[in-house]
Structures are given as C-alpha cells and as structure tokens.
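**Q** Contents of protein_17.json (JSON, C-alpha atoms) are given next:
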```json
[["chain", "number", "residue", "atom", "x", "y", "z"],
["S", 1, "MET", "CA", 33.08, 226.06, 104.02],
["S", 2, "ASN", "CA", 31.47, 223.29, 101.99],
["S", 3, "THR", "CA", 33.26, 220.07, 101.04],
["S", 4, "LYS", "CA", 33.29, 220.70, 97.30],
["S", 5, "ALA", "CA", 34.92, 224.11, 97.78],
["S", 6, "GLU", "CA", 37.60, 222.46, 99.92],
["S", 7, "GLN", "CA", 38.26, 219.95, 97.14],
["S", 8, "PHE", "CA", 38.36, 222.73, 94.56],
["S", 9, "ASP", "CA", 40.79, 224.78, 96.69],
["S", 10, "GLN", "CA", 43.06, 221.77, 97.12],
["S", 11, "PHE", "CA", 42.98, 221.07, 93.38],
["S", 12, "LEU", "CA", 43.99, 224.66, 92.59],
["S", 13, "LYS", "CA", 46.67, 224.62, 95.28],
["S", 14, "ASP", "CA", 48.16, 221.35, 94.01],
["S", 15, "ARG", "CA", 48.52, 222.94, 90.58],
["S", 16, "GLU", "CA", 49.81, 226.19, 92.02],
["S", 17, "VAL", "CA", 46.93, 228.18, 90.59],
["S", 18, "THR", "CA", 46.78, 231.10, 92.93],
["S", 19, "ASN", "CA", 45.62, 234.08, 90.93],
["S", 20, "TRP", "CA", 42.70, 232.89, 88.83],
["S", 21, "PHE", "CA", 39.92, 233.35, 91.37],
["S", 22, "THR", "CA", 39.09, 235.44, 94.36],
["S", 23, "LYS", "CA", 36.94, 233.57, 96.83],
["S", 24, "GLU", "CA", 33.90, 234.69, 98.82],
["S", 25, "GLU", "CA", 32.50, 232.49, 101.55],
["S", 26, "HIS", "CA", 28.85, 233.16, 102.33],
["S", 27, "GLN", "CA", 27.31, 232.44, 105.72],
["S", 28, "ASP", "CA", 24.09, 231.00, 104.30],
["S", 29, "ASP", "CA", 22.13, 227.77, 104.82],
["S", 30, "VAL", "CA", 24.11, 225.88, 102.18],
["S", 31, "ASN", "CA", 27.59, 227.29, 102.92],
["S", 32, "SER", "CA", 27.94, 228.82, 99.46],
["S", 33, "VAL", "CA", 31.36, 229.71, 98.17],
["S", 34, "VAL", "CA", 31.60, 231.98, 95.15],
["S", 35, "TYR", "CA", 34.78, 232.04, 93.07],
["S", 36, "ARG", "CA", 35.18, 235.14, 90.91],
["S", 37, "GLY", "CA", 37.49, 235.22, 87.94],
["S", 38, "TYR", "CA", 37.72, 236.49, 84.39],
["S", 39, "PHE", "CA", 38.13, 235.24, 80.87],
["S", 40, "ASP", "CA", 40.07, 237.54, 78.56],
["S", 41, "VAL", "CA", 38.12, 237.58, 75.33],
["S", 42, "ALA", "CA", 38.59, 240.02, 72.46],
["S", 43, "ALA", "CA", 40.27, 242.61, 74.70],
["S", 44, "GLN", "CA", 37.45, 242.34, 77.21],
["S", 45, "GLN", "CA", 37.48, 240.77, 80.65],
["S", 46, "LEU", "CA", 34.31, 238.72, 80.99],
["S", 47, "PRO", "CA", 33.41, 238.04, 84.64],
["S", 48, "LEU", "CA", 33.25, 234.37, 85.52],
["S", 49, "PHE", "CA", 31.65, 232.88, 88.64],
["S", 50, "VAL", "CA", 31.81, 229.38, 90.02],
["S", 51, "VAL", "CA", 29.32, 228.68, 92.81],
["S", 52, "LEU", "CA", 29.79, 225.63, 95.02],
["S", 53, "ASP", "CA", 27.63, 224.79, 98.02],
["S", 54, "ASP", "CA", 26.26, 221.93, 100.11],
["S", 55, "THR", "CA", 23.62, 221.02, 97.52],
["S", 56, "VAL", "CA", 24.23, 218.82, 94.48],
["S", 57, "PHE", "CA", 23.82, 221.85, 92.22],
["S", 58, "ASN", "CA", 27.03, 223.51, 91.07],
["S", 59, "LEU", "CA", 26.98, 226.48, 88.77],
["S", 60, "VAL", "CA", 29.32, 228.25, 86.37],
["S", 61, "ARG", "CA", 28.15, 231.67, 85.18],
["S", 62, "LEU", "CA", 29.79, 233.89, 82.60],
["S", 63, "VAL", "CA", 28.70, 237.52, 82.18],
["S", 64, "VAL", "CA", 28.91, 237.82, 78.41],
["S", 65, "THR", "CA", 27.99, 241.48, 77.95],
["S", 66, "THR", "CA", 29.21, 244.07, 80.36],
["S", 67, "GLY", "CA", 26.18, 246.29, 79.78],
["S", 68, "ALA", "CA", 22.49, 245.98, 79.05],
["S", 69, "VAL", "CA", 21.39, 245.01, 75.57],
["S", 70, "PRO", "CA", 19.55, 248.00, 73.99],
["S", 71, "ALA", "CA", 15.78, 247.51, 73.95],
["S", 72, "GLU", "CA", 15.59, 247.61, 70.15],
["S", 73, "LYS", "CA", 18.13, 244.78, 69.87],
["S", 74, "GLN", "CA", 16.71, 242.47, 72.52],
["S", 75, "ALA", "CA", 14.38, 240.44, 70.31],
["S", 76, "GLU", "CA", 17.14, 239.68, 67.82],
["S", 77, "VAL", "CA", 19.63, 238.89, 70.59],
["S", 78, "VAL", "CA", 17.21, 236.53, 72.36],
["S", 79, "GLU", "CA", 16.56, 234.78, 69.06],
["S", 80, "TYR", "CA", 20.30, 234.28, 68.54],
["S", 81, "LEU", "CA", 20.76, 233.04, 72.11],
["S", 82, "ASN", "CA", 18.02, 230.48, 71.45],
["S", 83, "GLU", "CA", 19.93, 229.35, 68.38],
["S", 84, "LEU", "CA", 23.09, 228.88, 70.46],
["S", 85, "ASN", "CA", 21.13, 227.02, 73.14],
["S", 86, "GLY", "CA", 19.84, 224.59, 70.54],
["S", 87, "LYS", "CA", 23.27, 224.11, 69.01],
["S", 88, "PHE", "CA", 25.37, 223.60, 72.14],
["S", 89, "LYS", "CA", 24.47, 220.99, 74.67],
["S", 90, "ILE", "CA", 25.95, 222.29, 77.90],
["S", 91, "PHE", "CA", 25.70, 226.06, 77.57],
["S", 92, "LYS", "CA", 22.60, 228.02, 78.48],
["S", 93, "TYR", "CA", 22.48, 231.60, 77.26],
["S", 94, "TYR", "CA", 19.82, 234.06, 78.35],
["S", 95, "LEU", "CA", 19.10, 237.74, 78.68],
["S", 96, "GLY", "CA", 18.75, 238.70, 82.36],
["S", 97, "GLU", "CA", 15.17, 239.62, 83.16],
["S", 98, "GLU", "CA", 16.15, 242.49, 85.43],
["S", 99, "ASP", "CA", 19.29, 243.93, 83.85],
["S", 100, "ASN", "CA", 19.07, 242.81, 80.18],
["S", 101, "VAL", "CA", 22.65, 241.56, 80.32],
["S", 102, "VAL", "CA", 23.60, 238.42, 78.37],
["S", 103, "TYR", "CA", 24.59, 235.57, 80.68],
["S", 104, "MET", "CA", 25.76, 232.06, 80.03],
["S", 105, "ASP", "CA", 25.32, 229.34, 82.64],
["S", 106, "ILE", "CA", 26.65, 225.82, 82.92],
["S", 107, "SER", "CA", 25.00, 223.53, 85.42],
["S", 108, "LEU", "CA", 27.32, 220.85, 86.77],
["S", 109, "PRO", "CA", 25.37, 218.69, 89.20],
["S", 110, "ALA", "CA", 27.48, 216.48, 91.47],
["S", 111, "SER", "CA", 27.33, 215.29, 95.04],
["S", 112, "LYS", "CA", 30.29, 215.91, 97.33],
["S", 113, "GLU", "CA", 31.29, 212.26, 96.84],
["S", 114, "THR", "CA", 31.56, 212.50, 93.06],
["S", 115, "PHE", "CA", 32.44, 216.18, 92.58],
["S", 116, "ASP", "CA", 35.43, 216.30, 90.25],
["S", 117, "PRO", "CA", 37.46, 219.57, 90.24],
["S", 118, "ASN", "CA", 39.44, 218.25, 87.29],
["S", 119, "LEU", "CA", 36.23, 217.99, 85.24],
["S", 120, "LEU", "CA", 35.23, 221.51, 86.28],
["S", 121, "VAL", "CA", 38.55, 223.07, 85.33],
["S", 122, "GLY", "CA", 38.70, 221.06, 82.11],
["S", 123, "LEU", "CA", 35.25, 222.34, 81.28],
["S", 124, "LEU", "CA", 36.32, 225.94, 81.88],
["S", 125, "LEU", "CA", 39.60, 225.82, 79.98],
["S", 126, "GLU", "CA", 38.99, 223.30, 77.23],
["S", 127, "VAL", "CA", 35.30, 223.78, 76.46],
["S", 128, "LEU", "CA", 34.03, 227.15, 77.72],
["S", 129, "GLU", "CA", 37.03, 229.33, 76.90],
["S", 130, "PRO", "CA", 37.45, 228.22, 73.25],
["S", 131, "HIS", "CA", 33.68, 228.39, 72.76],
["S", 132, "ILE", "CA", 33.30, 231.94, 74.03],
["S", 133, "LYS", "CA", 36.35, 233.13, 72.10],
["S", 134, "GLU", "CA", 34.75, 231.80, 68.94],
["S", 135, "TYR", "CA", 31.20, 233.03, 69.55],
["S", 136, "TYR", "CA", 31.73, 236.27, 71.46],
["S", 137, "PRO", "CA", 32.19, 238.33, 68.28],
["S", 138, "SER", "CA", 28.89, 237.13, 66.82],
["S", 139, "ILE", "CA", 27.02, 237.69, 70.10],
["S", 140, "LEU", "CA", 28.46, 241.20, 70.31],
["S", 141, "GLY", "CA", 27.54, 241.73, 66.67],
["S", 142, "LYS", "CA", 23.89, 241.02, 67.50],
["S", 143, "VAL", "CA", 24.02, 243.26, 70.57],
["S", 144, "LEU", "CA", 25.54, 246.17, 68.66],
["S", 145, "GLY", "CA", 23.54, 245.49, 65.55],
["S", 146, "ALA", "CA", 26.74, 245.39, 63.54],
["S", 147, "GLU", "CA", 27.33, 243.35, 60.45],
["S", 148, "GLU", "CA", 27.82, 239.69, 61.24],
["S", 149, "PRO", "CA", 31.46, 239.27, 62.22],
["S", 150, "ALA", "CA", 33.50, 236.48, 60.76],
["S", 151, "THR", "CA", 32.64, 233.95, 63.43],
["S", 152, "LYS", "CA", 33.41, 230.57, 62.03],
["S", 153, "GLU", "CA", 30.25, 228.54, 62.41],
["S", 154, "LYS", "CA", 30.81, 224.93, 63.01],
["S", 155, "GLY", "CA", 28.88, 222.87, 60.55],
["S", 156, "LYS", "CA", 28.33, 219.94, 62.79],
["S", 157, "LYS", "CA", 25.86, 220.21, 65.60],
["S", 158, "GLU", "CA", 27.32, 219.33, 68.91],
["S", 159, "LYS", "CA", 24.21, 217.84, 70.39],
["S", 160, "LYS", "CA", 22.60, 214.56, 69.56],
["S", 161, "GLU", "CA", 20.10, 214.08, 66.84],
["S", 162, "LYS", "CA", 16.60, 214.48, 68.06],
["S", 163, "VAL", "CA", 14.99, 211.31, 69.30],
["S", 164, "ASN", "CA", 11.24, 211.08, 69.02],
["T", 165, "MET", "CA", 38.49, 199.94, 66.73],
["T", 166, "ALA", "CA", 36.00, 198.80, 69.36],
["T", 167, "LYS", "CA", 33.14, 201.13, 70.15],
["T", 168, "PRO", "CA", 33.43, 203.01, 73.44],
["T", 169, "LYS", "CA", 31.44, 201.32, 76.16],
["T", 170, "ASN", "CA", 28.33, 202.91, 77.59],
["T", 171, "GLU", "CA", 28.89, 202.13, 81.26],
["T", 172, "LYS", "CA", 26.09, 204.35, 82.51],
["T", 173, "SER", "CA", 23.09, 202.50, 81.10],
["T", 174, "GLY", "CA", 23.76, 199.32, 83.10],
["T", 175, "VAL", "CA", 24.09, 201.34, 86.32],
["T", 176, "PHE", "CA", 20.89, 203.23, 85.52],
["T", 177, "GLU", "CA", 18.94, 200.04, 84.81],
["T", 178, "THR", "CA", 20.09, 198.47, 88.07],
["T", 179, "PHE", "CA", 18.84, 201.58, 89.85],
["T", 180, "LEU", "CA", 15.47, 201.37, 88.08],
["T", 181, "VAL", "CA", 15.03, 197.74, 89.12],
["T", 182, "GLU", "CA", 16.03, 198.44, 92.73],
["T", 183, "GLU", "CA", 13.63, 201.36, 92.94],
["T", 184, "ASN", "CA", 10.88, 199.47, 91.10],
["T", 185, "ILE", "CA", 10.65, 202.22, 88.47],
["T", 186, "THR", "CA", 8.92, 200.81, 85.42],
["T", 187, "CYS", "CA", 7.82, 203.87, 83.45],
["T", 188, "PHE", "CA", 10.52, 203.72, 80.76],
["T", 189, "ASP", "CA", 10.68, 202.07, 77.36],
["T", 190, "LYS", "CA", 14.25, 201.34, 76.33],
["T", 191, "ARG", "CA", 15.80, 201.61, 72.89],
["T", 192, "GLU", "CA", 19.42, 200.98, 71.97],
["T", 193, "ILE", "CA", 20.78, 203.16, 69.19],
["T", 194, "GLN", "CA", 23.50, 201.50, 67.16],
["T", 195, "ASP", "CA", 25.67, 204.59, 66.97],
["T", 196, "GLU", "CA", 29.33, 205.32, 67.67],
["T", 197, "GLU", "CA", 28.63, 206.35, 71.24],
["T", 198, "SER", "CA", 26.56, 203.28, 72.18],
["T", 199, "THR", "CA", 23.58, 205.48, 73.01],
["T", 200, "VAL", "CA", 20.66, 204.04, 74.95],
["T", 201, "VAL", "CA", 17.39, 205.98, 75.05],
["T", 202, "TYR", "CA", 14.81, 205.60, 77.81],
["T", 203, "ARG", "CA", 11.40, 207.05, 77.01],
["T", 204, "SER", "CA", 8.46, 207.99, 79.17],
["T", 205, "TYR", "CA", 5.80, 210.72, 79.29],
["T", 206, "ILE", "CA", 4.94, 213.68, 81.49],
["T", 207, "GLN", "CA", 1.18, 213.99, 81.82],
["T", 208, "THR", "CA", -0.06, 217.57, 81.76],
["T", 209, "GLU", "CA", -3.44, 219.23, 81.29],
["T", 210, "ILE", "CA", -2.56, 220.06, 77.68],
["T", 211, "GLY", "CA", -1.43, 216.53, 76.85],
["T", 212, "ASP", "CA", 1.46, 214.12, 77.26],
["T", 213, "MET", "CA", 5.00, 215.41, 76.79],
["T", 214, "PRO", "CA", 7.54, 212.73, 75.81],
["T", 215, "ILE", "CA", 10.57, 212.68, 78.12],
["T", 216, "PHE", "CA", 13.81, 210.93, 77.20],
["T", 217, "VAL", "CA", 16.89, 209.96, 79.13],
["T", 218, "LEU", "CA", 19.87, 209.61, 76.78],
["T", 219, "LEU", "CA", 22.90, 207.76, 78.12],
["T", 220, "ASP", "CA", 26.03, 207.07, 76.10],
["T", 221, "ALA", "CA", 29.78, 206.58, 76.35],
["T", 222, "THR", "CA", 30.52, 210.31, 76.66],
["T", 223, "ILE", "CA", 30.57, 212.38, 79.84],
["T", 224, "TYR", "CA", 27.18, 213.85, 78.91],
["T", 225, "SER", "CA", 23.87, 212.43, 80.06],
["T", 226, "VAL", "CA", 20.78, 214.22, 78.81],
["T", 227, "VAL", "CA", 17.18, 214.44, 80.02],
["T", 228, "ARG", "CA", 15.12, 215.83, 77.15],
["T", 229, "VAL", "CA", 11.45, 216.80, 77.10],
["T", 230, "VAL", "CA", 9.56, 217.40, 73.87],
["T", 231, "VAL", "CA", 7.54, 220.24, 75.35],
["T", 232, "GLY", "CA", 5.72, 220.99, 72.12],
["T", 233, "GLY", "CA", 6.31, 218.93, 69.02],
["T", 234, "ASN", "CA", 5.68, 220.88, 65.81],
["T", 235, "VAL", "CA", 3.94, 223.73, 67.64],
["T", 236, "VAL", "CA", 6.21, 226.64, 66.70],
["T", 237, "THR", "CA", 4.84, 228.91, 63.99],
["T", 238, "PRO", "CA", 5.86, 232.34, 62.70],
["T", 239, "GLU", "CA", 2.89, 233.73, 64.65],
["T", 240, "ASN", "CA", 3.80, 232.34, 68.08],
["T", 241, "TYR", "CA", 7.60, 232.23, 67.71],
["T", 242, "GLN", "CA", 8.36, 235.55, 69.44],
["T", 243, "ALA", "CA", 6.05, 234.77, 72.37],
["T", 244, "ILE", "CA", 7.67, 231.36, 72.79],
["T", 245, "VAL", "CA", 11.19, 232.79, 72.66],
["T", 246, "ASP", "CA", 10.23, 235.41, 75.25],
["T", 247, "PHE", "CA", 8.78, 232.67, 77.47],
["T", 248, "ILE", "CA", 11.86, 230.47, 77.22],
["T", 249, "ASN", "CA", 14.28, 233.34, 77.87],
["T", 250, "ARG", "CA", 12.35, 234.15, 81.05],
["T", 251, "GLU", "CA", 12.33, 230.53, 82.21],
["T", 252, "ASN", "CA", 15.98, 230.04, 81.25],
["T", 253, "SER", "CA", 16.93, 233.01, 83.39],
["T", 254, "ILE", "CA", 15.07, 231.64, 86.43],
["T", 255, "TYR", "CA", 15.72, 227.91, 86.52],
["T", 256, "LYS", "CA", 19.33, 226.76, 86.88],
["T", 257, "ASN", "CA", 19.30, 223.13, 85.94],
["T", 258, "PHE", "CA", 17.60, 223.02, 82.56],
["T", 259, "LYS", "CA", 17.10, 225.05, 79.44],
["T", 260, "TYR", "CA", 14.44, 225.46, 76.81],
["T", 261, "TYR", "CA", 15.13, 226.03, 73.14],
["T", 262, "VAL", "CA", 13.25, 226.10, 69.86],
["T", 263, "GLU", "CA", 14.49, 223.75, 67.17],
["T", 264, "HIS", "CA", 13.74, 225.20, 63.76],
["T", 265, "ASP", "CA", 14.36, 221.92, 61.95],
["T", 266, "ASP", "CA", 11.12, 220.49, 63.32],
["T", 267, "ASN", "CA", 9.36, 223.61, 64.67],
["T", 268, "SER", "CA", 9.43, 222.15, 68.15],
["T", 269, "LEU", "CA", 10.05, 223.35, 71.67],
["T", 270, "TYR", "CA", 12.47, 221.28, 73.76],
["T", 271, "LEU", "CA", 13.72, 221.31, 77.31],
["T", 272, "ASP", "CA", 17.13, 219.78, 78.08],
["T", 273, "CYS", "CA", 18.92, 219.01, 81.32],
["T", 274, "VAL", "CA", 22.53, 217.90, 80.96],
["T", 275, "TYR", "CA", 24.33, 215.96, 83.65],
["T", 276, "MET", "CA", 28.11, 215.83, 83.13],
["T", 277, "CYS", "CA", 30.30, 213.27, 84.84],
["T", 278, "SER", "CA", 32.88, 210.62, 84.12],
["T", 279, "ASN", "CA", 31.51, 207.11, 83.73],
["T", 280, "SER", "CA", 32.88, 206.08, 87.12],
["T", 281, "ALA", "CA", 31.21, 209.03, 88.87],
["T", 282, "PHE", "CA", 27.76, 208.52, 87.31],
["T", 283, "GLU", "CA", 25.03, 208.63, 89.97],
["T", 284, "PRO", "CA", 21.66, 207.32, 88.74],
["T", 285, "GLN", "CA", 19.96, 208.75, 91.82],
["T", 286, "LEU", "CA", 21.15, 212.23, 90.89],
["T", 287, "LEU", "CA", 19.96, 211.83, 87.32],
["T", 288, "TYR", "CA", 16.59, 210.73, 88.64],
["T", 289, "VAL", "CA", 16.43, 213.74, 90.98],
["T", 290, "LEU", "CA", 17.11, 216.04, 88.02],
["T", 291, "MET", "CA", 14.40, 214.32, 86.00],
["T", 292, "ASN", "CA", 11.91, 214.51, 88.84],
["T", 293, "GLN", "CA", 12.54, 218.22, 89.22],
["T", 294, "ILE", "CA", 11.46, 218.66, 85.62],
["T", 295, "VAL", "CA", 8.42, 216.40, 86.02],
["T", 296, "GLN", "CA", 7.30, 218.40, 89.05],
["T", 297, "TYR", "CA", 8.04, 221.76, 87.43],
["T", 298, "MET", "CA", 6.26, 221.19, 84.13],
["T", 299, "PRO", "CA", 2.60, 221.43, 85.28],
["T", 300, "SER", "CA", 3.35, 224.83, 86.83],
["T", 301, "ALA", "CA", 4.71, 226.06, 83.50],
["T", 302, "VAL", "CA", 1.70, 224.92, 81.48],
["T", 303, "PRO", "CA", -0.49, 228.06, 81.82],
["T", 304, "ALA", "CA", 2.30, 230.30, 80.49],
["T", 305, "LEU", "CA", 3.17, 227.72, 77.85],
["T", 306, "LYS", "CA", -0.41, 227.61, 76.63],
["T", 307, "GLU", "CA", -0.46, 231.36, 76.31],
["T", 308, "ALA", "CA", 2.90, 231.51, 74.52],
["T", 309, "MET", "CA", 2.09, 228.66, 72.13],
["T", 310, "GLY", "CA", -1.48, 229.87, 71.59],
["T", 311, "ILE", "CA", -2.91, 226.37, 71.86],
["T", 312, "SER", "CA", -5.06, 224.55, 74.41],
["T", 313, "GLN", "CA", -3.91, 221.02, 73.56],
["T", 314, "LEU", "CA", -0.60, 219.65, 72.34],
["T", 315, "PRO", "CA", -0.53, 217.63, 69.13],
["T", 316, "ASP", "CA", -0.80, 213.89, 69.79],
["T", 317, "PRO", "CA", 2.83, 212.67, 70.18],
["T", 318, "PHE", "CA", 1.76, 209.29, 68.79],
["T", 319, "LEU", "CA", 0.35, 210.81, 65.61],
["T", 320, "ALA", "CA", 3.64, 210.76, 63.73],
["T", 321, "HIS", "CA", 3.95, 207.04, 64.44],
["T", 322, "ALA", "CA", 0.32, 206.11, 63.79],
["T", 323, "HIS", "CA", -0.54, 203.30, 61.41],
["T", 324, "GLU", "CA", -3.67, 203.34, 59.35],
["T", 325, "HIS", "CA", -5.96, 200.37, 59.71],
["T", 326, "HIS", "CA", -8.66, 199.72, 57.19],
["T", 327, "GLU", "CA", -11.74, 197.60, 57.75],
["T", 328, "SER", "CA", -11.77, 194.80, 55.25]]
```
Go ahead and express the file in the form of structure tokens.
**A**
Amino acid sequence: MNTKAEQFDQFLKDREVTNWFTKEEHQDDVNSVVYRGYFDVAAQQLPLFVVLDDTVFNLVRLVVTTGAVPAEKQAEVVEYLNELNGKFKIFKYYLGEEDNVVYMDISLPASKETFDPNLLVGLLLEVLEPHIKEYYPSILGKVLGAEEPATKEKGKKEKKEKVN
Amino acid sequence: MAKPKNEKSGVFETFLVEENITCFDKREIQDEESTVVYRSYIQTEIGDMPIFVLLDATIYSVVRVVVGGNVVTPENYQAIVDFINRENSIYKNFKYYVEHDDNSLYLDCVYMCSNSAFEPQLLYVLMNQIVQYMPSAVPALKEAMGISQLPDPFLAHAHEHHES
C-alpha cells in the first residue's frame, strides 16, 4: 500500500470513521488505492472515489449522473458544465467521452511528505458536499431538460478576477 | 485587521533563484489576499500564450494559461466547448473553460495546500506539464477555434507612437 493511503487510513481510524469508504488496493506500478463512498444528495447516492498512489497526483471523482445524458441534451449540458468550470476554481465537470455520464473531478496534488488527510476530508465535507447539494438540482435540470430548478446562484464568483 | 500573509510567494521566488529560472515577470496585486502574479509565455506555432502563476494567502495556488484571448465567437463556440469537454475528460490535472465575459479560452491548474506544505517544485512540475502538453493540443485547438494564429497578446496593451 502507498504511504498516502496509510496516512489517510490512520486519519480515518483516529476519528473513528469506519463506514464511509470501502477500500480497494490495486497491484499496479504505483500501488493505487481506491476508496469508494457515496454522497447522499437529493435522495440519490452519488458515487465518490478517492484515488491515492505513489505519484504526486491525488484524485477525487464524483459520479454526478447515474446514467448517460441523452444525446439531444448533451450540448446544453456540456455548455452548463463549462459555466460551472469557469465559476468554481477547484471543480472540473465533464461529460465522459465513452459513457456520456457527468463526472466531477478534483485534483489534489501532494507528495507523500506534504499530503494532508485533514485537507482532503475538509475538502470533501466542507467544500464538495455543500457545493453538489446546491448545484445538483440545476445539473439534473439540464440533463432532464426540465425547467430550471430553484438553485440559488451565488452572485460572487469564487475564482479570482482574470489577470491579463 | 492586518492582511493575511502570502507565505508562498517568498518560497517560490527562492526556488526560482536556486533553479536559475528567470522567465517570469512579477506583479504584486494590492488585494485582500496579498496576491502575487508571475507571468510568462508558452510559445506555440499559433502564437504566444500568456501563462500566469497566482499565489496568495489562501490554500489555492493557480497556474492559468490564456489559451485564446478574445477568440470565442458564436460560430466557433460549440466546437470549442466540445474540444474542452474532451480534453477535460482525459487530462486529470487541469481544466479548460470558456469565459463569456471576455470571449476567451482559459486553462487552469489548481494546487491546494496549506502555506506550510507549499512545495514550489511541485507547482513547477504542474506548470511544466502544461507547457509540454500545449503544443500537442494546438492542431485540435486551431480546428476548434477556426484560426491559424492567435491574436497578439500584447495588442491590448499597445501604445500608439506617432512620428513628430
């Protein structure tokens, strides 16, 4: 198992978090460990993955739609995902090329020396979870082609002003 | 109340000196987060793309590339959005987005860490990945944007000189 996964396991154990994730250890070149969990959002369970390995690249992936976006809705959905990507600094939404499912990734680069499980969990619980609870209805609205739900748009952009 | 201290910029500048990296111009923004902007350019066959490193007092450090300043039009918008969705689904560590405010195409890479865990080497690795990736993306970018040369990034800052 890789060092970051060991740190993450210890962090969860110290806080007696035992039922959030199931863990898969992969026998690959970078000793990948995949943690599978869920976020409960609007009566749905959205699959959540945390991937830690020997590289400096750590990944959080949320499966936002459980099924493929219908072909006739894809252009509008991709346009809305672009809007979210411009508005929110750390989240990257995209439509999967193969399965046309909406995903959201967070890249959290860190070496094993500076990997911070507290930052990762804080990111999941204090940033990602409130964000997806707020924006899931509007994403689903685009996917289903329904009227825009009452998602409360934040007026202030989260990212910095453009610097040119 | 005193402004929060940007502890990352000093560490980054020490790294640049040690590594004899001289490609950046530095600008200090007098904002609440003590932002410092480092600017350079990625040279590509369609022109120079400005690249910025934005460091501030928050946990977010950003590498931002102005892939195409003022190149997005109603005619090429759908092709660009299709291109960026494809790239966003493939590459983990950065994301493209279109900013409608200035009709421009951006690429962002966000590196999250506490001030004490900031690793300038890692930030530089992330930036170099983008610098090395960008030429390979240019053919598809040209096709999506429908242009053979980017607008001159200096044009917006040009001064007129008249012969007297």
**Q** Write out as a ChimeraX atom specification each polymer residue whose atoms come within 12 Å of T:Tyr255, counting all atoms listed in the file; drop sequence neighbours fewer than 2 positions from it.
**A** /S:57,59,92,94,96,105-107 /T:248-253,257-260,271-273,293-294,297-298,301
**Q** Write out as a ChimeraX atom specification which residues come within 10 Å of S:Val34 when counting all atoms listed in the file, dropping same-chain ones fewer than 4 positions away.
**A** /S:5,21-26,49-53,59-60
**Q** Between T:Thr186, T:Ser312, T:Ser280, T:Thr178, which residue has the minimum interatomic distance to chain S, considering only C-alpha atoms?
**A**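 With only C-alpha atoms as the atom set, the closest residue is T:Ser280.
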**Q** I need every residue sitting at most 8 Å from the point (15.8, 239.2, 74.8) (coordinates as in the file, all atoms listed in the file considered), written as a tab-separated table (two decimals) with C-alpha atoms, in the frame of the given file.
**A**
```tsv
chain	number	residue	atom	x	y	z
S	73	LYS	CA	18.13	244.78	69.87
S	74	GLN	CA	16.71	242.47	72.52
S	75	ALA	CA	14.38	240.44	70.31
S	76	GLU	CA	17.14	239.68	67.82
S	77	VAL	CA	19.63	238.89	70.59
S	78	VAL	CA	17.21	236.53	72.36
S	79	GLU	CA	16.56	234.78	69.06
S	94	TYR	CA	19.82	234.06	78.35
S	95	LEU	CA	19.10	237.74	78.68
S	100	ASN	CA	19.07	242.81	80.18
T	246	ASP	CA	10.23	235.41	75.25
T	249	ASN	CA	14.28	233.34	77.87
```
**Q** Between T:Ile206, T:Val217, T:Val226, T:Leu269, which is the closest to T:Gln296 once you count only C-alpha atoms?
**A** T:Ile206
**Q** Dump as JSON, numbers by chain the residues of chain S that approach chain T to within 10 Å, counting all atoms listed in the file.
**A** {"S": [56, 57, 58, 59, 74, 75, 76, 78, 79, 81, 82, 83, 84, 85, 86, 87, 89, 90, 91, 92, 93, 94, 95, 96, 97, 98, 102, 103, 104, 105, 106, 107, 108, 109, 110, 111, 113, 114, 115, 116, 119, 120, 123, 159, 160, 162, 163, 164]}
**Q** Smallest atom-to-atom distance to S:Leu12: which of S:Pro117, S:Val30, S:Gln44, S:Glu126, using all atoms listed in the file?
**A** S:Pro117
**Q** Quick one: distance from atom CA of T:Thr237 to atom CA of S:Glu72 in Å, one decimal?
**A** 22.4 Å
**Q** Quote the spacing between atom CA of T:Cys187 and atom CA of T:Pro303 in Å to one decimal place.
**A**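 Spanning atom CA of T:Cys187 to atom CA of T:Pro303 is a straight-line distance of 25.6 Å.
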**Q** Take atom CA of S:Val101 and atom CA of S:Val121 and report the distance between them in Å, one decimal.
**A**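 Computing the Euclidean distance for atom CA of S:Val101 and atom CA of S:Val121 yields 24.9 Å.
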**Q** Near S:Leu48, counting all atoms listed in the file, which residues have an atom at most 6 Å away, once you skip same-chain residues fewer than 4 positions from it, shown as a list of chain:residue names?
**A**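 Once the nearby chain positions are removed, what remains is S:Arg36, S:Gly37, S:Tyr38, S:Arg61, S:Leu62.
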**Q** From the options S:Thr18, S:Gln27, S:Gln10, S:Val64, which residue's atoms come nearest to S:Tyr135, counting only C-alpha atoms?
**A**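 Of S:Thr18, S:Gln27, S:Gln10, S:Val64, the one nearest S:Tyr135 is S:Val64, counting only C-alpha atoms.
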**Q** Taking only C-alpha atoms into account, name the residue in S:Leu140, S:Glu6, S:Ile132, S:Asp28 that is nearest to S:Phe88.
**A** S:Ile132
**Q** Using all atoms listed in the file, list the residues that have an atom at most 9 Å from (22.2, 201.9, 76.1), coordinates as in the file, as a PDB file with C-alpha atoms, in the coordinates of the input.
**A**
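Output saved as out_5.pdb:
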```
ATOM      1  CA  ASN T 170      28.330 202.910  77.590  1.00  0.00           C
ATOM      2  CA  GLU T 171      28.890 202.130  81.260  1.00  0.00           C
ATOM      3  CA  LYS T 172      26.090 204.350  82.510  1.00  0.00           C
ATOM      4  CA  SER T 173      23.090 202.500  81.100  1.00  0.00           C
ATOM      5  CA  GLY T 174      23.760 199.320  83.100  1.00  0.00           C
ATOM      6  CA  LYS T 190      14.250 201.340  76.330  1.00  0.00           C
ATOM      7  CA  ARG T 191      15.800 201.610  72.890  1.00  0.00           C
ATOM      8  CA  GLU T 192      19.420 200.980  71.970  1.00  0.00           C
ATOM      9  CA  ILE T 193      20.780 203.160  69.190  1.00  0.00           C
ATOM     10  CA  SER T 198      26.560 203.280  72.180  1.00  0.00           C
ATOM     11  CA  THR T 199      23.580 205.480  73.010  1.00  0.00           C
ATOM     12  CA  VAL T 200      20.660 204.040  74.950  1.00  0.00           C
ATOM     13  CA  VAL T 201      17.390 205.980  75.050  1.00  0.00           C
ATOM     14  CA  TYR T 202      14.810 205.600  77.810  1.00  0.00           C
ATOM     15  CA  LEU T 218      19.870 209.610  76.780  1.00  0.00           C
ATOM     16  CA  LEU T 219      22.900 207.760  78.120  1.00  0.00           C
ATOM     17  CA  ASP T 220      26.030 207.070  76.100  1.00  0.00           C
ATOM     18  CA  ALA T 221      29.780 206.580  76.350  1.00  0.00           C
TER      19      ALA T 221
END
```
